[in-house]
$ cat input-v4.txt   # compact mmCIF, C-alpha atoms
# COMPACT_ATOMS: atom_id res chain seq x y z
CA MET A 1 2.94 7.49 -14.45
CA ALA A 2 4.52 6.80 -17.84
CA ILE A 3 2.64 8.17 -20.85
CA VAL A 4 3.47 6.97 -24.34
CA ILE A 5 1.90 8.99 -27.15
CA ILE A 6 1.71 7.41 -30.59
CA ARG A 7 0.71 9.69 -33.44
CA SER A 8 -0.13 7.67 -36.49
CA PRO A 9 -2.46 7.45 -39.42
CA ASP A 10 -5.56 5.27 -39.15
CA LEU A 11 -5.14 2.20 -36.94
CA LEU A 12 -7.78 -0.40 -36.25
CA SER A 13 -8.80 -1.21 -32.68
CA ASP A 14 -7.03 -4.60 -32.69
CA GLN A 15 -3.86 -3.00 -34.08
CA LYS A 16 -3.91 -0.46 -31.23
CA THR A 17 -4.38 -3.31 -28.74
CA ARG A 18 -1.41 -5.28 -30.09
CA ILE A 19 0.85 -2.22 -30.23
CA GLY A 20 -0.23 -1.11 -26.74
CA GLU A 21 0.48 -4.55 -25.26
CA ARG A 22 3.94 -4.62 -26.84
CA VAL A 23 4.79 -1.14 -25.52
CA ILE A 24 3.58 -1.97 -22.01
CA THR A 25 5.46 -5.31 -22.02
CA ALA A 26 8.67 -3.62 -23.17
CA LEU A 27 8.40 -0.98 -20.43
CA GLN A 28 7.55 -3.66 -17.87
CA GLN A 29 10.73 -5.55 -18.78
CA GLU A 30 12.61 -2.35 -18.00
CA GLY A 31 11.10 -2.25 -14.52
CA ILE A 32 8.10 0.04 -14.99
CA ALA A 33 4.91 -1.32 -13.43
CA PRO A 34 2.29 -2.10 -16.11
CA GLY A 35 -0.47 -0.38 -14.14
CA SER A 36 1.42 2.91 -14.33
CA VAL A 37 1.70 3.03 -18.14
CA VAL A 38 -0.75 4.82 -20.43
CA VAL A 39 -0.52 4.39 -24.20
CA LEU A 40 -2.33 7.22 -25.98
CA PHE A 41 -3.08 6.99 -29.69
CA GLN A 42 -3.58 10.31 -31.47
CA PRO A 43 -4.31 11.01 -35.13
CA GLU A 44 -1.53 12.38 -37.33
CA ARG A 45 -1.75 16.19 -37.26
CA GLY A 46 0.86 17.39 -39.67
CA ASP A 47 2.14 17.06 -43.16
CA ILE A 48 4.37 14.09 -43.76
CA TYR A 49 7.54 14.65 -45.73
CA LEU A 50 9.71 11.72 -46.75
CA ASP A 51 12.83 11.99 -48.92
CA GLY A 52 11.88 15.52 -50.00
CA LEU A 53 8.39 14.54 -51.16
CA LEU A 54 5.11 15.56 -49.63
CA ILE A 55 3.42 12.27 -48.81
CA GLN A 56 0.32 13.47 -47.00
CA ALA A 57 -0.90 17.00 -46.44
CA GLN A 58 -2.96 18.05 -43.43
CA ALA A 59 -5.88 19.32 -45.52
CA ASP A 60 -6.14 15.97 -47.36
CA VAL A 61 -6.21 14.01 -44.11
CA GLN A 62 -9.07 15.99 -42.61
CA ALA A 63 -11.09 15.97 -45.82
CA SER A 64 -10.76 12.23 -46.45
CA VAL A 65 -10.84 10.78 -42.94
CA PRO A 66 -13.38 12.06 -40.46
CA VAL A 67 -12.06 11.86 -36.93
CA VAL A 68 -14.40 9.75 -34.84
CA PRO A 69 -13.78 10.17 -31.13
CA GLU A 70 -13.35 6.88 -29.30
CA PRO A 71 -15.62 6.33 -26.33
CA MET A 72 -14.05 7.50 -23.11
CA ALA A 73 -13.30 4.88 -20.51
CA ILE A 74 -15.34 5.37 -17.36
CA ALA A 75 -13.20 5.36 -14.25
CA THR A 76 -14.18 2.62 -11.84
CA THR A 77 -12.91 1.55 -8.47
CA GLN A 78 -12.14 -1.91 -9.81
CA VAL A 79 -8.42 -2.58 -10.11
CA PRO A 80 -7.49 -3.68 -13.66
CA THR A 81 -6.23 -7.23 -14.11
CA PRO A 82 -2.43 -7.21 -14.28
CA VAL A 83 -1.15 -7.99 -17.77
CA PHE A 84 0.92 -10.98 -16.64
CA LYS A 85 -2.24 -12.85 -15.55
CA THR A 86 -3.59 -13.02 -19.10
CA LYS A 87 -0.35 -13.58 -21.02
CA ALA A 88 0.70 -17.02 -22.23
CA ARG A 89 4.19 -16.58 -20.73
CA ARG A 90 5.51 -14.49 -17.88
CA SER A 91 8.79 -12.57 -18.04
CA LYS A 92 11.66 -13.11 -15.60
CA PRO A 93 10.90 -9.91 -13.62
CA GLU A 94 7.26 -10.99 -13.30
CA LEU A 95 8.29 -14.44 -12.07
CA GLU A 96 10.78 -12.94 -9.60
CA ASP A 97 8.07 -10.62 -8.26
CA MET A 98 5.71 -13.58 -7.92
CA LYS A 99 8.44 -15.54 -6.09
CA LYS A 100 8.93 -12.65 -3.62
CA GLN A 101 5.18 -12.50 -2.99
CA LEU A 102 5.15 -16.27 -2.43
CA MET A 103 8.03 -16.01 0.06
CA ARG A 104 6.21 -13.22 1.95
CA ALA A 105 3.04 -15.33 2.09
CA LEU A 106 5.04 -18.32 3.38
CA GLN A 107 6.70 -16.14 6.02
CA ASP A 108 3.35 -14.74 7.12
CA LYS A 109 1.49 -18.06 7.28
CA GLY A 110 4.36 -20.44 8.11
CA SER A 111 3.15 -23.04 5.60
CA LEU A 112 0.98 -23.15 2.48
CA SER A 113 -0.60 -25.64 0.13
CA SER A 114 -0.61 -24.90 -3.59
CA PHE A 115 -4.28 -23.85 -3.44
CA GLU A 116 -3.64 -21.53 -0.47
CA ALA A 117 -0.72 -19.99 -2.40
CA GLN A 118 -3.00 -19.36 -5.40
CA VAL A 119 -5.49 -17.58 -3.14
CA ALA A 120 -2.76 -15.60 -1.32
CA LEU A 121 -1.26 -14.41 -4.63
CA ASP A 122 -4.72 -13.83 -6.20
CA LEU A 123 -4.05 -16.37 -8.98
CA LYS A 124 -7.00 -18.71 -8.42
CA ASP A 125 -8.52 -17.82 -11.83
CA CYS A 126 -5.29 -18.42 -13.78
CA ASP A 127 -4.97 -21.79 -15.52
CA TRP A 128 -1.17 -21.58 -15.50
CA ALA A 129 -0.86 -20.88 -11.76
CA PRO A 130 -0.49 -24.48 -10.40
CA ALA A 131 2.40 -25.37 -12.71
CA THR A 132 4.15 -22.03 -12.16
CA LEU A 133 3.76 -22.26 -8.38
CA ARG A 134 5.16 -25.82 -8.42
CA ARG A 135 8.27 -24.51 -10.20
CA LEU A 136 8.62 -21.66 -7.71
CA PHE A 137 8.15 -24.03 -4.75
CA THR A 138 10.81 -26.34 -6.25
CA GLU A 139 13.24 -23.42 -6.58
CA LEU A 140 12.64 -22.44 -2.95
CA GLU A 141 13.07 -26.06 -1.87
CA GLU A 142 16.38 -26.35 -3.78
CA THR A 143 17.67 -23.22 -2.03
CA LYS A 144 16.70 -24.80 1.33
CA LEU A 145 14.22 -22.03 2.22
CA ILE A 146 11.24 -24.38 2.49
CA ILE A 147 10.51 -28.03 3.26
CA LYS A 148 7.98 -30.04 1.26
CA ASN A 149 5.69 -32.25 3.36
CA GLY A 150 3.13 -34.70 1.94
CA GLN A 151 2.20 -35.78 -1.55
CA LYS A 152 -0.25 -34.81 -4.27
CA ARG A 153 -3.20 -32.79 -2.86
CA GLY A 154 -1.87 -33.16 0.67
CA THR A 155 1.40 -31.36 -0.10
CA ARG A 156 2.30 -28.47 2.19
CA TYR A 157 5.30 -26.21 1.86
CA VAL A 158 6.74 -25.13 5.20
CA TRP A 159 8.92 -22.02 5.62
CA LYS A 160 12.20 -22.95 7.34
CA GLY A 161 13.20 -19.43 8.37
CA ILE A 162 11.66 -17.21 10.98
CA ALA A 163 7.95 -16.86 10.39
CA ASN A 164 6.27 -13.48 10.68
CA THR A 165 3.23 -14.94 12.43
CA PRO A 166 2.93 -13.90 16.06
CA GLN A 167 3.71 -16.87 18.26
CA PRO A 168 1.60 -17.38 21.35
CA PRO A 169 3.52 -17.11 24.60
CA PRO A 170 4.49 -20.42 26.15
CA ALA A 171 1.76 -21.94 28.27
CA VAL A 172 2.16 -21.22 31.95
CA LYS A 173 2.02 -24.31 34.07
CA LEU A 174 0.60 -23.71 37.53
CA VAL A 175 1.95 -25.93 40.22
CA LYS A 176 0.42 -26.06 43.65
CA ALA A 177 3.03 -25.42 46.29
CA GLU A 178 3.18 -28.02 48.99
CA SER A 179 2.95 -26.45 52.36
CA GLU A 180 4.39 -27.99 55.45
CA GLY A 181 2.35 -28.18 58.57
CA ILE A 182 -1.13 -28.11 57.15

$ encode --input "input-v4.txt" --output "structure tokens"
Amino acid sequence: MAIVIIRSPDLLSDQKTRIGERVITALQQEGIAPGSVVVLFQPERGDIYLDGLLIQAQADVQASVPVVPEPMAIATTQVPTPVFKTKARRSKPELEDMKKQLMRALQDKGSLSSFEAQVALDLKDCDWAPATLRRLFTELEETKLIIKNGQKRGTRYVWKGIANTPQPPPAVKLVKAESEGI
């Protein structure tokens, strides 16, 4: 787990949110999963010296600004919503990861509609999902990995490679042997 500690003077809640999102996004672009990053804001604990001048002394900080502890988050079993689901735009690594998940779902099922892909990738609550999935399906179609069948709501995307779904054994055809003499 990556822990980023930011020691700073007073920050408002919305400022902490914006800074935290930027830090997590930057680390995510470097390949660190957003669910494994913790951004911890701590109050400034020391004297600040800048260009040989004492800007803020520790005693002044404690006297003027009472430290109010923020409410602790209660751990739940619910998995947090990934950051990319709520952002206006997804980064290239996020889109590549989504494309890999889509390819795995196509391999497992053999074929998918756009709605089935949204369910398989857990994107049914995302407004941007249909357009993004259409682009990903088009990329896969251009690379000849899938075939597009149908139009509009009846469109299905069929995996051309070997599907991971277990295939039933071929049906056995029983033929009655003709016997001679009976």

$ closest_residue --input "input-v4.txt" --among "A:Ala33, A:Leu106, A:Leu133, A:Leu40" --to "Ile3 of chain A" --atoms "only C-alpha atoms"
A:Leu40

$ closest_residue --input "input-v4.txt" --among "A:Lys92, A:Arg153, A:Arg7, A:Lys148" --to "Gly31 of chain A" --atoms "all atoms listed in the file"
A:Lys92

$ atom_distance --input "input-v4.txt" --atom1 "atom CA of Trp159 of chain A" --atom2 "atom CA of Gly110 of chain A"
5.4 Å

$ residues_around --input "input-v4.txt" --residues "Asp122 of chain A" --least-positions-apart "2" --cutoff "12 Å" --atoms "only C-alpha atoms" --output "count of residues only"
17

$ atom_distance --input "input-v4.txt" --atom1 "atom CA of Ser114 of chain A" --atom2 "atom CA of Glu142 of chain A"
17.1 Å

$ closest_residue --input "input-v4.txt" --among "A:Ala131, A:Val175, A:Leu112, A:Ala26" --to "Gly150 of chain A" --atoms "only C-alpha atoms"
A:Leu112

$ atom_distance --input "input-v4.txt" --atom1 "atom CA of Trp128 of chain A" --atom2 "atom CA of Ile19 of chain A"
24.4 Å

$ closest_residue --input "input-v4.txt" --among "A:Ile146, A:Leu121, A:Ser91, A:Asp10" --to "Glu30 of chain A" --atoms "all atoms listed in the file"
A:Ser91

$ closest_residue --input "input-v4.txt" --among "A:Leu140, A:Val37, A:Met103, A:Leu123" --to "Gly20 of chain A" --atoms "all atoms listed in the file"
A:Val37

$ closest_residue --input "input-v4.txt" --among "A:Leu174, A:Val39, A:Ile5, A:Ile32" --to "Glu94 of chain A" --atoms "all atoms listed in the file"
A:Ile32
